[in-house]
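A.B. asks: File follows, entry24.txt with compact mmCIF, C-alpha atoms:
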# COMPACT_ATOMS: atom_id res chain seq x y z
CA MET D 2 -22.52 -22.45 -9.56
CA TYR D 3 -18.78 -21.83 -9.67
CA ASP D 4 -17.23 -19.22 -7.40
CA PHE D 5 -14.38 -17.00 -8.57
CA ALA D 6 -11.38 -15.39 -6.89
CA MET D 7 -9.65 -12.34 -8.34
CA ASP D 8 -6.26 -10.80 -7.61
CA LEU D 9 -6.79 -7.23 -8.79
CA GLY D 10 -3.23 -5.91 -9.05
CA THR D 11 -1.59 -2.78 -10.39
CA SER D 12 0.21 -4.69 -13.14
CA SER D 13 -1.99 -7.71 -13.75
CA VAL D 14 -5.28 -9.40 -12.96
CA LEU D 15 -5.47 -13.09 -12.14
CA LEU D 16 -8.75 -14.97 -12.06
CA TYR D 17 -9.28 -18.32 -10.36
CA ARG D 18 -12.36 -20.47 -10.96
CA GLN D 19 -13.38 -23.04 -8.39
CA GLY D 20 -12.63 -26.51 -9.69
CA LYS D 21 -10.76 -25.16 -12.74
CA GLY D 22 -7.73 -23.34 -11.31
CA ILE D 23 -6.23 -20.15 -12.76
CA ILE D 24 -8.15 -19.47 -15.94
CA LEU D 25 -7.04 -15.92 -16.74
CA ARG D 26 -3.85 -13.90 -16.36
CA GLU D 27 -3.96 -10.53 -18.10
CA PRO D 28 -2.36 -7.08 -17.67
CA SER D 29 -4.63 -4.64 -15.81
CA VAL D 30 -4.73 -2.13 -18.66
CA VAL D 31 -7.72 -0.67 -20.50
CA ALA D 32 -7.61 1.25 -23.79
CA ILE D 33 -10.35 3.87 -24.19
CA ARG D 34 -11.33 6.59 -26.66
CA ARG D 35 -10.49 10.01 -25.23
CA GLN D 36 -13.61 11.85 -26.40
CA THR D 37 -16.30 9.24 -25.74
CA GLY D 38 -14.73 7.07 -23.03
CA GLN D 39 -15.62 3.98 -25.06
CA VAL D 40 -13.53 0.92 -24.18
CA VAL D 41 -11.52 -0.32 -27.16
CA SER D 42 -9.62 -3.23 -25.63
CA VAL D 43 -8.77 -4.78 -22.29
CA GLY D 44 -5.78 -6.76 -21.06
CA GLN D 45 -2.81 -7.76 -23.21
CA LYS D 46 -3.98 -5.95 -26.34
CA ALA D 47 -4.44 -2.75 -24.33
CA ARG D 48 -1.01 -3.18 -22.70
CA GLU D 49 0.63 -3.32 -26.11
CA MET D 50 -0.79 0.15 -26.73
CA LEU D 51 1.01 1.74 -23.74
CA GLY D 52 3.18 4.54 -25.08
CA ARG D 53 2.04 3.83 -28.65
CA THR D 54 -1.56 5.04 -28.82
CA PRO D 55 -2.69 7.77 -31.26
CA GLU D 56 -4.14 10.98 -29.84
CA THR D 57 -7.67 9.58 -30.07
CA LEU D 58 -6.89 6.64 -27.76
CA LEU D 59 -5.68 6.42 -24.18
CA ALA D 60 -4.24 3.32 -22.48
CA VAL D 61 -4.79 3.52 -18.70
CA ARG D 62 -4.18 1.45 -15.59
CA PRO D 63 -7.32 1.79 -13.44
CA VAL D 64 -5.53 0.32 -10.41
CA ARG D 65 -2.56 2.34 -9.18
CA GLY D 66 -0.55 1.67 -6.07
CA GLY D 67 -2.86 -1.18 -5.14
CA VAL D 68 -5.86 1.19 -5.08
CA ILE D 69 -8.71 1.55 -7.58
CA THR D 70 -8.39 5.03 -9.08
CA ASP D 71 -11.29 4.68 -11.52
CA CYS D 72 -14.14 2.46 -10.34
CA GLU D 73 -16.06 2.62 -13.62
CA ILE D 74 -13.12 1.53 -15.79
CA THR D 75 -12.14 -1.12 -13.24
CA SER D 76 -15.69 -2.50 -13.39
CA VAL D 77 -15.54 -2.65 -17.19
CA MET D 78 -12.20 -4.45 -16.99
CA ALA D 79 -13.41 -6.93 -14.36
CA ARG D 80 -16.63 -7.55 -16.31
CA ALA D 81 -14.65 -8.28 -19.48
CA PHE D 82 -12.40 -10.75 -17.67
CA LEU D 83 -15.31 -12.49 -15.94
CA LYS D 84 -17.11 -12.76 -19.28
CA ARG D 85 -14.04 -14.40 -20.81
CA ALA D 86 -14.10 -16.83 -17.90
CA GLY D 87 -17.70 -17.82 -18.64
CA ALA D 88 -19.61 -15.64 -16.18
CA GLY D 89 -22.41 -13.76 -17.90
CA SER D 90 -25.83 -12.31 -17.21
CA MET D 91 -27.26 -15.78 -16.49
CA LEU D 92 -24.40 -16.78 -14.20
CA ARG D 93 -23.76 -14.39 -11.33
CA PRO D 94 -21.03 -16.03 -9.23
CA ASN D 95 -19.72 -15.15 -5.81
CA LEU D 96 -16.44 -13.26 -6.12
CA LEU D 97 -13.57 -13.21 -3.63
CA ILE D 98 -11.16 -10.28 -4.18
CA CYS D 99 -7.82 -9.75 -2.45
CA VAL D 100 -7.07 -6.28 -1.09
CA PRO D 101 -3.98 -4.63 0.46
CA PRO D 102 -3.57 -4.91 4.26
CA LEU D 103 -4.10 -1.20 4.98
CA VAL D 104 -7.15 -0.70 2.78
CA SER D 105 -9.57 2.00 3.91
CA GLU D 106 -13.36 1.69 4.02
CA LEU D 107 -13.66 3.96 0.99
CA GLU D 108 -11.22 1.81 -0.97
CA GLU D 109 -13.02 -1.34 0.17
CA ARG D 110 -16.28 0.06 -1.13
CA ALA D 111 -14.66 0.84 -4.50
CA VAL D 112 -13.49 -2.78 -4.78
CA VAL D 113 -16.88 -4.17 -3.77
CA ASP D 114 -18.73 -1.85 -6.17
CA ALA D 115 -16.39 -2.84 -9.00
CA GLY D 116 -17.08 -6.51 -8.35
CA LEU D 117 -20.85 -6.06 -8.16
CA GLN D 118 -20.93 -3.94 -11.31
CA ALA D 119 -18.84 -6.59 -13.04
CA GLY D 120 -21.67 -9.09 -12.51
CA ALA D 121 -20.90 -10.80 -9.20
CA SER D 122 -23.78 -11.89 -6.96
CA LYS D 123 -21.81 -11.24 -3.77
CA VAL D 124 -18.34 -9.86 -3.20
CA TYR D 125 -16.04 -10.97 -0.40
CA LEU D 126 -12.69 -9.46 0.54
CA MET D 127 -9.50 -11.11 1.78
CA GLU D 128 -6.25 -9.54 2.93
CA GLN D 129 -3.42 -10.13 0.45
CA PRO D 130 -0.67 -11.07 2.97
CA VAL D 131 -2.80 -13.88 4.42
CA ALA D 132 -3.56 -15.19 0.93
CA ALA D 133 0.10 -14.85 -0.13
CA ALA D 134 1.29 -16.91 2.84
CA ALA D 135 -1.23 -19.64 2.08
CA GLY D 136 -0.23 -19.63 -1.58
CA ALA D 137 3.44 -20.02 -0.66
CA GLY D 138 2.71 -23.12 1.37
CA VAL D 139 2.69 -21.50 4.82
CA ASP D 140 -0.18 -22.10 7.24
CA PRO D 141 -1.55 -18.58 7.80
CA LYS D 142 -3.61 -19.77 10.78
CA SER D 143 -0.51 -20.75 12.75
CA PRO D 144 -0.02 -18.78 15.99
CA LYS D 145 3.61 -18.25 15.05
CA GLY D 146 4.40 -14.97 13.35
CA THR D 147 5.22 -14.95 9.64
CA LEU D 148 6.67 -12.02 7.71
CA VAL D 149 5.11 -11.59 4.26
CA VAL D 150 6.74 -9.26 1.72
CA ASP D 151 4.52 -8.85 -1.35
CA ILE D 152 6.38 -6.83 -4.00
CA GLY D 153 3.80 -5.97 -6.63
CA GLY D 154 3.68 -3.48 -9.45
CA GLY D 155 2.63 -0.33 -7.61
CA THR D 156 3.27 -1.12 -3.95
CA THR D 157 5.20 -3.39 -1.65
CA ASP D 158 2.93 -4.65 1.12
CA ILE D 159 4.80 -5.86 4.19
CA ALA D 160 2.91 -7.60 6.98
CA VAL D 161 3.40 -9.82 9.99
CA ILE D 162 0.55 -12.32 10.18
CA SER D 163 -0.52 -14.68 12.93
CA MET D 164 -3.59 -16.87 13.42
CA GLY D 165 -5.01 -16.00 10.02
CA ALA D 166 -4.92 -12.21 10.41
CA VAL D 167 -2.59 -9.27 9.89
CA VAL D 168 -1.00 -8.10 13.15
CA ARG D 169 1.18 -5.29 11.80
CA ALA D 170 1.48 -3.97 8.26
CA VAL D 171 3.01 -1.22 6.18
CA SER D 172 2.67 -0.38 2.50
CA ILE D 173 5.19 1.63 0.46
CA ARG D 174 5.07 2.81 -3.13
CA ILE D 175 8.40 1.20 -3.94
CA ALA D 176 7.86 -1.83 -6.16
CA GLY D 177 8.10 -2.98 -9.76
CA ASP D 178 6.91 0.30 -11.28
CA SER D 179 9.38 2.37 -9.25
CA CYS D 180 12.20 0.11 -10.50
CA ASP D 181 11.07 0.86 -14.07
CA ASP D 182 11.03 4.58 -13.27
CA ALA D 183 14.54 4.35 -11.80
CA ILE D 184 15.90 2.62 -14.91
CA GLN D 185 14.21 5.19 -17.15
CA ALA D 186 15.71 8.06 -15.13
CA TYR D 187 19.17 6.44 -15.13
CA LEU D 188 19.28 6.07 -18.92
CA LYS D 189 18.08 9.63 -19.31
CA ARG D 190 20.75 10.94 -16.94
CA GLN D 191 23.68 8.69 -17.79
CA HIS D 192 23.17 7.84 -21.47
CA ASP D 193 21.16 10.82 -22.75
CA LEU D 194 18.54 8.29 -23.90
CA LEU D 195 14.80 8.59 -23.43
CA ILE D 196 12.88 5.30 -23.30
CA GLY D 197 9.32 4.28 -22.48
CA LEU D 198 8.24 2.42 -19.36
CA SER D 199 7.59 -0.76 -21.33
CA THR D 200 11.22 -0.75 -22.49
CA ALA D 201 12.38 -0.06 -18.94
CA GLU D 202 10.40 -3.08 -17.75
CA GLN D 203 12.01 -5.25 -20.42
CA ILE D 204 15.44 -4.13 -19.26
CA LYS D 205 14.57 -4.89 -15.63
CA CYS D 206 13.31 -8.38 -16.42
CA SER D 207 16.13 -9.25 -18.84
CA ILE D 208 19.30 -7.96 -17.17
CA GLY D 209 18.23 -6.09 -14.01
CA GLY D 210 19.29 -7.29 -10.58
CA ILE D 211 20.10 -6.40 -6.99
CA LEU D 212 23.30 -8.45 -6.71
CA PRO D 213 26.10 -9.19 -9.23
CA ARG D 214 25.57 -12.08 -11.62
CA GLU D 215 28.13 -14.75 -12.41
CA GLU D 216 28.26 -13.32 -15.92
CA ASN D 217 27.78 -9.67 -16.76
CA LEU D 218 24.85 -9.42 -19.20
CA SER D 219 24.25 -6.70 -21.77
CA MET D 220 21.32 -5.46 -23.79
CA THR D 221 20.90 -3.08 -26.69
CA VAL D 222 18.33 -0.43 -25.86
CA ARG D 223 16.63 1.79 -28.44
CA GLY D 224 15.04 5.12 -27.75
CA ARG D 225 15.32 8.85 -28.48
CA ARG D 226 18.49 10.86 -27.98
CA LEU D 227 17.56 13.75 -25.71
CA SER D 228 20.21 16.13 -27.06
CA SER D 229 19.28 15.68 -30.73
CA GLY D 230 15.74 14.30 -30.66
CA LEU D 231 16.78 11.56 -33.10
CA PRO D 232 16.49 7.76 -32.77
CA ALA D 233 19.45 6.19 -30.98
CA CYS D 234 20.58 3.01 -29.25
CA GLU D 235 22.89 2.22 -26.34
CA THR D 236 24.32 -0.97 -24.86
CA ILE D 237 23.42 -1.37 -21.18
CA THR D 238 25.02 -3.90 -18.83
CA SER D 239 23.56 -5.69 -15.83
CA GLU D 240 26.44 -4.51 -13.64
CA GLU D 241 25.71 -0.80 -14.12
CA LEU D 242 22.07 -1.31 -13.12
CA ILE D 243 22.88 -2.84 -9.72
CA PRO D 244 23.28 0.49 -7.85
CA VAL D 245 20.11 1.81 -9.50
CA LEU D 246 17.95 -1.11 -8.41
CA GLN D 247 19.70 -1.59 -5.08
CA GLU D 248 18.38 1.82 -4.02
CA GLN D 249 14.86 0.44 -4.42
CA ALA D 250 15.70 -2.70 -2.45
CA GLU D 251 17.22 -0.63 0.35
CA GLN D 252 13.95 1.27 0.76
CA ILE D 253 12.03 -2.00 1.00
CA LEU D 254 14.54 -3.22 3.60
CA ALA D 255 14.15 0.00 5.59
CA ALA D 256 10.36 -0.44 5.61
CA ILE D 257 10.73 -4.02 6.87
CA CYS D 258 13.06 -2.91 9.67
CA GLY D 259 10.65 -0.13 10.61
CA LEU D 260 7.79 -2.63 10.83
CA MET D 261 9.86 -4.90 13.09
CA GLU D 262 10.19 -2.06 15.62
CA THR D 263 6.41 -1.96 16.14
CA THR D 264 5.80 -5.73 16.05
CA PRO D 265 5.37 -7.65 19.34
CA PRO D 266 8.73 -9.22 20.29
CA GLU D 267 7.22 -12.71 20.55
CA LEU D 268 6.23 -12.58 16.89
CA VAL D 269 9.58 -11.11 15.85
CA GLY D 270 11.28 -14.00 17.61
CA ASP D 271 9.15 -16.46 15.61
CA LEU D 272 10.64 -15.09 12.38
CA THR D 273 13.96 -16.82 13.10
CA GLU D 274 12.04 -20.04 12.53
CA THR D 275 9.40 -19.04 9.96
CA GLY D 276 11.52 -16.60 7.92
CA ILE D 277 10.28 -14.33 5.14
CA VAL D 278 7.59 -15.25 2.61
CA LEU D 279 8.20 -13.49 -0.71
CA ALA D 280 5.32 -12.90 -3.10
CA GLY D 281 4.53 -10.70 -6.08
CA GLY D 282 6.22 -10.32 -9.43
CA GLY D 283 8.74 -7.80 -8.06
CA SER D 284 10.27 -10.48 -5.84
CA LYS D 285 11.53 -12.23 -8.99
CA LEU D 286 14.07 -9.45 -9.54
CA TYR D 287 17.47 -11.16 -9.61
CA GLY D 288 19.07 -11.30 -6.17
CA MET D 289 16.12 -9.87 -4.22
CA ASP D 290 15.63 -13.02 -2.13
CA ARG D 291 19.35 -13.36 -1.28
CA TYR D 292 19.66 -9.65 -0.53
CA LEU D 293 16.81 -9.63 1.99
CA SER D 294 18.00 -12.91 3.51
CA ARG D 295 21.53 -11.56 3.95
CA GLU D 296 20.49 -8.22 5.41
CA MET D 297 17.78 -9.59 7.71
CA GLY D 298 19.55 -12.78 8.71
CA LEU D 299 16.37 -14.73 7.93
CA GLU D 300 15.59 -17.52 5.51
CA THR D 301 13.43 -16.53 2.54
CA HIS D 302 10.65 -18.68 1.09
CA ALA D 303 9.20 -18.17 -2.37
CA SER D 304 7.25 -20.36 -4.76
CA GLU D 305 8.38 -21.00 -8.32
CA ASP D 306 5.92 -18.39 -9.52
CA PRO D 307 5.47 -15.76 -6.75
CA GLU D 308 3.03 -13.82 -8.92
CA ILE D 309 0.35 -16.44 -8.30
CA CYS D 310 0.89 -16.80 -4.53
CA VAL D 311 -2.02 -14.50 -3.68
CA ILE D 312 -4.52 -16.04 -6.08
CA MET D 313 -3.56 -19.59 -5.10
CA GLY D 314 -3.99 -18.69 -1.44
CA THR D 315 -7.57 -17.62 -2.09
CA SER D 316 -8.39 -21.07 -3.48
CA ARG D 317 -8.28 -22.40 0.09
CA ILE D 318 -11.07 -20.04 1.08
CA LEU D 319 -13.17 -20.24 -2.07
CA GLY D 320 -15.00 -23.42 -1.09
CA ASN D 321 -16.08 -21.97 2.26
CA LEU D 322 -17.67 -18.71 1.15
CA LYS D 323 -21.14 -19.85 2.21
CA ARG D 324 -19.92 -20.15 5.80
CA MET D 325 -18.77 -16.57 5.81
CA GLN D 326 -20.98 -13.67 6.82
CA GLU D 327 -23.51 -12.26 4.42
CA GLY D 328 -22.29 -9.50 2.15
CA PRO D 329 -18.80 -8.05 1.90
CA ILE D 330 -16.28 -8.47 4.68
CA ASN D 331 -15.32 -5.00 5.84
CA ILE D 332 -11.68 -5.49 6.78
CA ALA D 333 -11.05 -1.86 7.77
CA ARG D 334 -14.00 -1.80 10.18
CA ARG D 335 -13.09 -5.21 11.57
CA ARG D 336 -9.51 -4.07 12.21
CA ARG D 337 -10.68 -1.01 14.16
CA GLY D 338 -12.93 -3.24 16.20
CA LEU D 339 -9.97 -5.40 17.17
CA ALA D 340 -7.67 -2.50 17.96
For the structure just supplied, provide its representation as structure tokens.

C.D. replies:
Amino acid sequence: MYDFAMDLGTSSVLLYRQGKGIILREPSVVAIRRQTGQVVSVGQKAREMLGRTPETLLAVRPVRGGVITDCEITSVMARAFLKRAGAGSMLRPNLLICVPPLVSELEERAVVDAGLQAGASKVYLMEQPVAAAAGAGVDPKSPKGTLVVDIGGGTTDIAVISMGAVVRAVSIRIAGDSCDDAIQAYLKRQHDLLIGLSTAEQIKCSIGGILPREENLSMTVRGRRLSSGLPACETITSEELIPVLQEQAEQILAAICGLMETTPPELVGDLTETGIVLAGGGSKLYGMDRYLSREMGLETHASEDPEICVIMGTSRILGNLKRMQEGPINIARRRRGLA
């Protein structure tokens, strides 16, 4: 039997199959009928409906801010993805799911229930920062402290890890989605133009950045003129977006500095050698790595595709699930026991 690992994120779901590698990478969006709750589509097709659905349909993200907000819809989504990966009623695999570092017992139970309802035989949990470090090529079991900054869609999870566990962690709701919100608000305020979040995300990925580029980029943006209610378009430049997105980066930096104040000084000292591990799709924002490196005075490490750091880190654990304790690993309870 093949075991599976799942990175259940706010923006996307990645599925890893033992011996096969990453076999699925889909947006974590589900389209349902408003009156009946019937699922119409899952993944990319559902994402394309965001902001475009008729009144009878609703496109939702069942995972918000790194937390499952609707267990039933999340289970349907996970079941659909596992089925696409070849897991059905006859094949009930073990499932390893990554969770945020400050997950509560209630949130853990929601994740475990979603995995079991999706068809898994057993569900195991792993802390995202530990998996992200492993996926970026860092040995998470090293006694030296490593700072992991995982900038996802709904949250940025910041943690100092040592010897395979999280020592200190903080999670803030400043990440990829908040950058999209900031761009949307800026165009509304500065250009009298109303756009959807999907368009805001396209702007962020195409010309957005924290630091100036060698060449100032521009993009034509289409939306609705607020003053007239009519269709309109505006030309936006990468330079004018820097202050907008830098505000988001400054809040992430402030959270990192706050975490350093509560981290044991021996581990903080290790960071001058180990640096910062960047993970998550939000870390791909232009200039983010250089900005944090400059402000913190630490070297940054990121893989070519930071979005897959977490799921690749789980592959190191996947072959050893049988050695782990029976049933789900309750990280929240374990952490209280170590405190």

A.B. asks: Taking 2 positions as the minimum chain separation for residues in the same chain, which residues sit within 7 Å of region 104-114 of chain D when counting all atoms listed in the file? Answer as a list in words.

C.D. replies: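 Near neighbours after the sequence-gap exclusion: Val68, Ile69, Cys72, Val100, Pro101, Pro102, Gly116, Leu117, Gln118, Val124 and Ala333 of chain D.
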
A.B. asks: Here is a test: counting all atoms listed in the file, which residue of D:Val77, D:Ile173, D:Leu218, D:Ala86 is nearest to Ile237 (chain D)?

C.D. replies: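 Answer, going by the shortest atom-to-atom distance: D:Leu218.
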
A.B. asks: Using only C-alpha atoms, which protein or nucleic acid residues come within 10 Å of Val168 (chain D)? Drop anything in the same chain fewer than 6 positions from it, and give the result as a VMD selection string.

C.D. replies: chain D and resid 102 146 to 147 160 to 162 264 to 265 268 336 340

A.B. asks: Tell me which of D:Gly155, D:Leu15, D:Arg169, D:Leu103 sits closest to Met261 (chain D), counting all atoms listed in the file.

C.D. replies: D:Arg169

A.B. asks: I'd like the interatomic distance between CA of Gly224 (chain D) and CA of Glu56 (chain D), to a tenth of an Å.

C.D. replies: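 Between CA of Gly224 (chain D) and CA of Glu56 (chain D) the gap is 20.2 Å.
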
A.B. asks: In Å, rounded to a single decimal, give me how far CA of Ser172 (chain D) is from CA of Glu241 (chain D).

C.D. replies: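 CA of Glu241 (chain D) sits 28.4 Å away from CA of Ser172 (chain D).
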
A.B. asks: What does the distance between CA of Asp140 (chain D) and CA of Ile318 (chain D) come to in Å, to one decimal place?

C.D. replies: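 Distance reported for this atom pair: 12.7 Å.
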
A.B. asks: Using only C-alpha atoms, can you tell me which of D:Gln185, D:Gln129, D:Ser207, D:Gln39 comes closest to Asp158 (chain D)?

C.D. replies: D:Gln129

A.B. asks: What are the nearest atom pairs, with distances in Å to one decimal, for all residues of region 56-153 of chain D that come at most 12 Å from region 279-291 of chain D, using all atoms listed in the file, set out by chain and rising residue number as CSV?

C.D. replies:
residue,atom,partner,partner_atom,distance
D:Gln129,CA,D:Ala280,CA,9.8
D:Pro130,CA,D:Ala280,CA,8.7
D:Val131,CA,D:Ala280,CA,11.1
D:Ala132,CA,D:Ala280,CA,10.0
D:Ala133,CA,D:Ala280,CA,6.3
D:Ala134,CA,D:Ala280,CA,8.2
D:Ala135,CA,D:Ala280,CA,10.7
D:Gly136,CA,D:Ala280,CA,8.9
D:Ala137,CA,D:Ala280,CA,7.8
D:Gly138,CA,D:Leu279,CA,11.3
D:Val139,CA,D:Leu279,CA,11.2
D:Thr147,CA,D:Leu279,CA,10.9
D:Leu148,CA,D:Leu279,CA,8.7
D:Val149,CA,D:Leu279,CA,6.2
D:Val150,CA,D:Leu279,CA,5.1
D:Asp151,CA,D:Ala280,CA,4.5
D:Ile152,CA,D:Gly281,CA,4.8
D:Gly153,CA,D:Gly281,CA,4.8
